[in-house]
2 protein chains.
Amino acid sequence: MPTIKDVAREAGVSIATVSYVINNKDIPIRDDTRRLVWEAVERIGYTPNVTARNLKASQSRLIGYAWHDVPPDEVNAVLDRFTYFTAQAAEEAGYHILTFTHTQDNVLDVYSELIRTRRVDAFVLAGTMIDDPRIEFLMAQGFPFATFGRSNPAWDFPWVDTDGLRGSYDAVGHLVRLGHRRIAMIAWPEASLAGEFRVRGYLQALRAAGIPFRESYLWRGSHSEQTGRDALAYWSQMPFDERPTGVIAVSDLAAIGVLNEAEARGLGDVSVVGFDDVPLSQYLRPSLTTLRQPIPEISRALIHMLQAILNGETPDPYQVALPPQLIIRASTGAPPVK
Amino acid sequence: MPTIKDVAREAGVSIATVSYVINNKDIPIRDDTRRLVWEAVERIGYTPNVTARNLKASQSRLIGYAWHDVPPDEVNAVLDRFTYFTAQAAEEAGYHILTFTHTQDNVLDVYSELIRTRRVDAFVLAGTMIDDPRIEFLMAQGFPFATFGRSNPAWDFPWVDTDGLRGSYDAVGHLVRLGHRRIAMIAWPEASLAGEFRVRGYLQALRAAGIPFRESYLWRGSHSEQTGRDALAYWSQMPFDERPTGVIAVSDLAAIGVLNEAEARGLGDVSVVGFDDVPLSQYLRPSLTTLRQPIPEISRALIHMLQAILNGETPDPYQVALPPQLIIRASTGAPPVK
DNA sequence: CTGTTAGCGCTTTCAC
DNA sequence: GTGAAAGCGCTAACAG
């Protein structure tokens, strides 16, 4: 493999000159010398060795991203697209993504190791939780990072997130325009930040439509298909003209539970909106109306933030929530006339 | 950030000694010197700089993996799990995964760039095609790689694959044991290598069960839900006692098409086996019997192969097909009695 | 305008 | 047993 030395010899110039030309430094170099260098580069097929460059510059040009373990039966609608678009955005900025894994109990060790060995220049975090220890750790270390998802609101760090409030708001608006008035929501436990934004959007949209909130229309449960089933089972106990005619769910999985339970009970005409647009949701019966997260935009925003941070600047914007897109399919329609 | 020099000074020994101790070389060093070194390391919190190590060793300890673009409406059942397990296996072997992307027309450029800059030590390829140009290129370059998926049978390179033949064979066996005799298959166009293995398994299983093959029971189409619908539409034109009672599909997506079309036509009792176990397949109505690819094993096998190659050895085994697991759910049952 | 040279942090040969 | 020093390939300050 040719090195810069070989190019210098081939071109009959010094290695410094080669370096200047290659890196296009604004050091006055005669045009024919430049040509000489490029021709030599061409002739011997030289490409700079990134490891040597990185050593010199004390950088790695790598952004770490923890790939989460996904149980085979769980849905990871978003993260594979996120990885793809993040890798792509990183490449445009001259970086690559280094993926790594960790178990539940050695999380910070793994991050710490990657920092200390100078394996990566920054991290992208996804699947953030409230009071996420990784964020706390990285802030304490002063190590560059940005997250997909919010965390403790009192913490000051760069994040990009889906605007869940806006998403729920739009979903309810969609149902209202279809003529629904009895609109329920399936939410996560209150500890979930993302979940609470979605609940707020639901409440705001109800208020905007002049529909009073009913406690019994808000069902909270875990991230599972069963939660959707439980919610519908509960609501179907209500007198017919009290039952919700439309449901917005905090996730597609819960939405699917609602559809499945409705089918099982012969209650075919409940309108359901999911959240995420998981693969296959368009092939469900009925195909699922849902909110698609703006993943490409999120990836781009994150990388822009990191780029700024790595250049010693303050990212602008620093924290941003991007609206999801309502994908209207067959699971929502007018309420049953009665 | 402390360097090996700092450790040497702190321990009052030479740099070389520190390196010997740290790397546990079998060079005779007094035990108390060793202790001195480790204590110094501990005290100043030293961790070797991987970039410097890599420069010295002319390696990167990175394995490149191209992350494929997935249209938002397509199912990528397998690749996100594959990425996770491959990253994990790589870490156990002392490597990390560098993910990168490419468009249709610059594929080889991207691989070439990664090689020439010495960004990666090897590649893992997925989504291989017959006569895959990437494989051809990497063989020509003599650059280390291994693939998830086969290619041109005349080419000699290390691969791991799902044993699609075995999978189809088992799926047909399952239907036969349930009492089916009219078993159809949905396949991909003949150009698909993976598809043809699955067809062969189907044919072999029929033969083993003494069931003659009927041309009209083999439907070929693209990778889509529509293909499944088309196939079922076609078969449902047949006289009732000629129609297939069981179908094995080359993918879950096609299987879902069959289920959806059967539902639309009120033909509820056709048994269907998919392939892949995509997320959500368990929540379909009916939940889908399918073949789950042995992803963790595939990842491990690939990394073992690469490890051998990177150590200058010949991997053993060199090419291996691992059987998928039949996951039995509600979409298969006894044929309608008649 | 161009070349010499000192590192970046590490490993390893060769001397002592 | 341990240390001095060369060198991996590159960049950039400093000379000339």
# chains A, B, ... in the order shown; residues from 1 in each chain; ligands from 1
$ residues_around --residues "Ile4 of chain B" --least-positions-apart "2" --cutoff "8 Å" --atoms "only C-alpha atoms (C1' of nucleotides)" --output "list in words"
Pro2, Asp6, Val7, Ala8, Ile15, Val18, Ser19, Tyr46 and Pro48 of chain B; DG9 and DC10 of chain C
$ closest_atom_pairs --of "chain B" --to "chain C" --cutoff "7 Å" --atoms "only C-alpha atoms (C1' of nucleotides)" --output "CSV"
residue,atom,partner,partner_atom,distance
B:Thr3,CA,C:DG9,C1',6.8
B:Asn49,CA,C:DG9,C1',6.8
B:Ala52,CA,C:DG9,C1',5.0
B:Arg53,CA,C:DC10,C1',5.3
B:Lys56,CA,C:DC10,C1',6.4
$ write_last_selection --atoms "C-alpha atoms" --output "short mmCIF file (atom, residue, chain, number, x, y, z; two decimals), in the first residue's frame"
data_model
loop_
_atom_site.label_atom_id
_atom_site.label_comp_id
_atom_site.auth_asym_id
_atom_site.auth_seq_id
_atom_site.Cartn_x
_atom_site.Cartn_y
_atom_site.Cartn_z
CA THR B 3 -0.46 8.37 27.72
CA ASN B 49 -5.26 4.83 22.72
CA ALA B 52 -2.15 4.68 18.08
CA ARG B 53 -2.27 0.92 18.52
CA LYS B 56 1.29 0.64 14.75
#
$ interface_residues --of "chain A" --to "chain B" --cutoff "8 Å" --atoms "only C-alpha atoms" --output "PyMOL selection string"
chain A and resi 47-52+54-55+60+67-70+72-76+80-81+84+87-88+91+96-101+116-119+225+256-257+260+279-280+282-285
$ atom_distance --atom1 "atom CA of Arg43 of chain B" --atom2 "atom CA of Glu10 of chain B"
8.8 Å
$ interface_residues --of "chain D" --to "chain A" --cutoff "9 Å" --atoms "only C-alpha atoms (C1' of nucleotides)" --output "mmCIF file with C-alpha atoms (C1' of nucleotides), in the first residue's frame"
data_model
loop_
_atom_site.group_PDB
_atom_site.id
_atom_site.type_symbol
_atom_site.label_atom_id
_atom_site.label_comp_id
_atom_site.auth_asym_id
_atom_site.auth_seq_id
_atom_site.Cartn_x
_atom_site.Cartn_y
_atom_site.Cartn_z
ATOM 1 C "C1'" DC D 8 3.748 2.983 11.838
ATOM 2 C "C1'" DG D 9 1.772 7.359 8.162
ATOM 3 C "C1'" DC D 10 0.516 11.659 8.618
ATOM 4 C "C1'" DT D 11 0.390 17.026 9.596
ATOM 5 C "C1'" DA D 12 2.263 21.483 10.397
#
$ residues_around --residues "Trp235 of chain B" --least-positions-apart "2" --cutoff "10 Å" --atoms "only C-alpha atoms (C1' of nucleotides)" --output "ChimeraX atom specification"
/B:184,216-217,219,230-233,237-240,242-245
$ select_by_dssp --residues "segment 117-263 of chain B" --states "strand (DSSP E)" --output "PyMOL selection string"
chain B and resi 122-125+145-148+159-162+183-187+218-220+246-249
$ residues_around --residues "Leu218 of chain A" --least-positions-apart "2" --cutoff "9 Å" --atoms "only C-alpha atoms (C1' of nucleotides)" --output "PDB file with N, CA and C atoms, in the first residue's frame"
ATOM      1  N   ALA A 184     -61.146   8.014  22.740  1.00  0.00           N
ATOM      2  CA  ALA A 184     -60.364   7.511  23.879  1.00  0.00           C
ATOM      3  C   ALA A 184     -58.889   7.461  23.521  1.00  0.00           C
ATOM      4  N   MET A 185     -58.074   7.258  24.538  1.00  0.00           N
ATOM      5  CA  MET A 185     -56.645   7.148  24.285  1.00  0.00           C
ATOM      6  C   MET A 185     -56.041   6.009  25.103  1.00  0.00           C
ATOM      7  N   ILE A 186     -55.101   5.312  24.466  1.00  0.00           N
ATOM      8  CA  ILE A 186     -54.312   4.316  25.193  1.00  0.00           C
ATOM      9  C   ILE A 186     -52.924   4.908  25.390  1.00  0.00           C
ATOM     10  N   ALA A 187     -52.531   5.021  26.647  1.00  0.00           N
ATOM     11  CA  ALA A 187     -51.255   5.656  26.968  1.00  0.00           C
ATOM     12  C   ALA A 187     -50.348   4.685  27.706  1.00  0.00           C
ATOM     13  N   VAL A 199     -50.188  12.205  25.588  1.00  0.00           N
ATOM     14  CA  VAL A 199     -51.421  12.422  26.347  1.00  0.00           C
ATOM     15  C   VAL A 199     -51.803  13.904  26.310  1.00  0.00           C
ATOM     16  N   PHE A 213     -63.090  16.050  28.672  1.00  0.00           N
ATOM     17  CA  PHE A 213     -62.270  14.869  28.923  1.00  0.00           C
ATOM     18  C   PHE A 213     -62.973  13.942  29.907  1.00  0.00           C
ATOM     19  N   ARG A 214     -62.968  12.647  29.602  1.00  0.00           N
ATOM     20  CA  ARG A 214     -63.542  11.674  30.533  1.00  0.00           C
ATOM     21  C   ARG A 214     -62.430  10.749  31.005  1.00  0.00           C
ATOM     22  N   GLU A 215     -62.288  10.703  32.277  1.00  0.00           N
ATOM     23  CA  GLU A 215     -61.261   9.867  32.916  1.00  0.00           C
ATOM     24  C   GLU A 215     -61.269   8.434  32.354  1.00  0.00           C
ATOM     25  N   SER A 216     -62.452   7.902  32.196  1.00  0.00           N
ATOM     26  CA  SER A 216     -62.560   6.493  31.800  1.00  0.00           C
ATOM     27  C   SER A 216     -62.125   6.254  30.354  1.00  0.00           C
ATOM     28  N   ARG A 220     -54.203   3.341  30.624  1.00  0.00           N
ATOM     29  CA  ARG A 220     -52.742   3.267  30.673  1.00  0.00           C
ATOM     30  C   ARG A 220     -52.280   1.820  30.803  1.00  0.00           C
ATOM     31  N   ALA A 231     -57.742  -2.578  26.965  1.00  0.00           N
ATOM     32  CA  ALA A 231     -58.452  -1.308  26.888  1.00  0.00           C
ATOM     33  C   ALA A 231     -59.795  -1.500  26.187  1.00  0.00           C
TER      34      ALA A 231
END
$ atom_distance --atom1 "atom CA of Leu165 of chain B" --atom2 "atom CA of Gln204 of chain B"
8.7 Å
$ atom_distance --atom1 "atom CA of Pro324 of chain A" --atom2 "atom CA of Ser222 of chain A"
22.0 Å
$ residues_around --residues "segment 307-310 of chain B" --least-positions-apart "5" --cutoff "9 Å" --atoms "only C-alpha atoms (C1' of nucleotides)" --output "PyMOL selection string"
chain B and resi 90+93+121-122+144-145+302+315-316
$ select_by_dssp --residues "segment 23-234 of chain A" --states "helix (DSSP H, G or I)" --output "PyMOL selection string"
chain A and resi 31-44+50-57+79-92+107-116+133-141+164-177+193-208+215-217+225-234
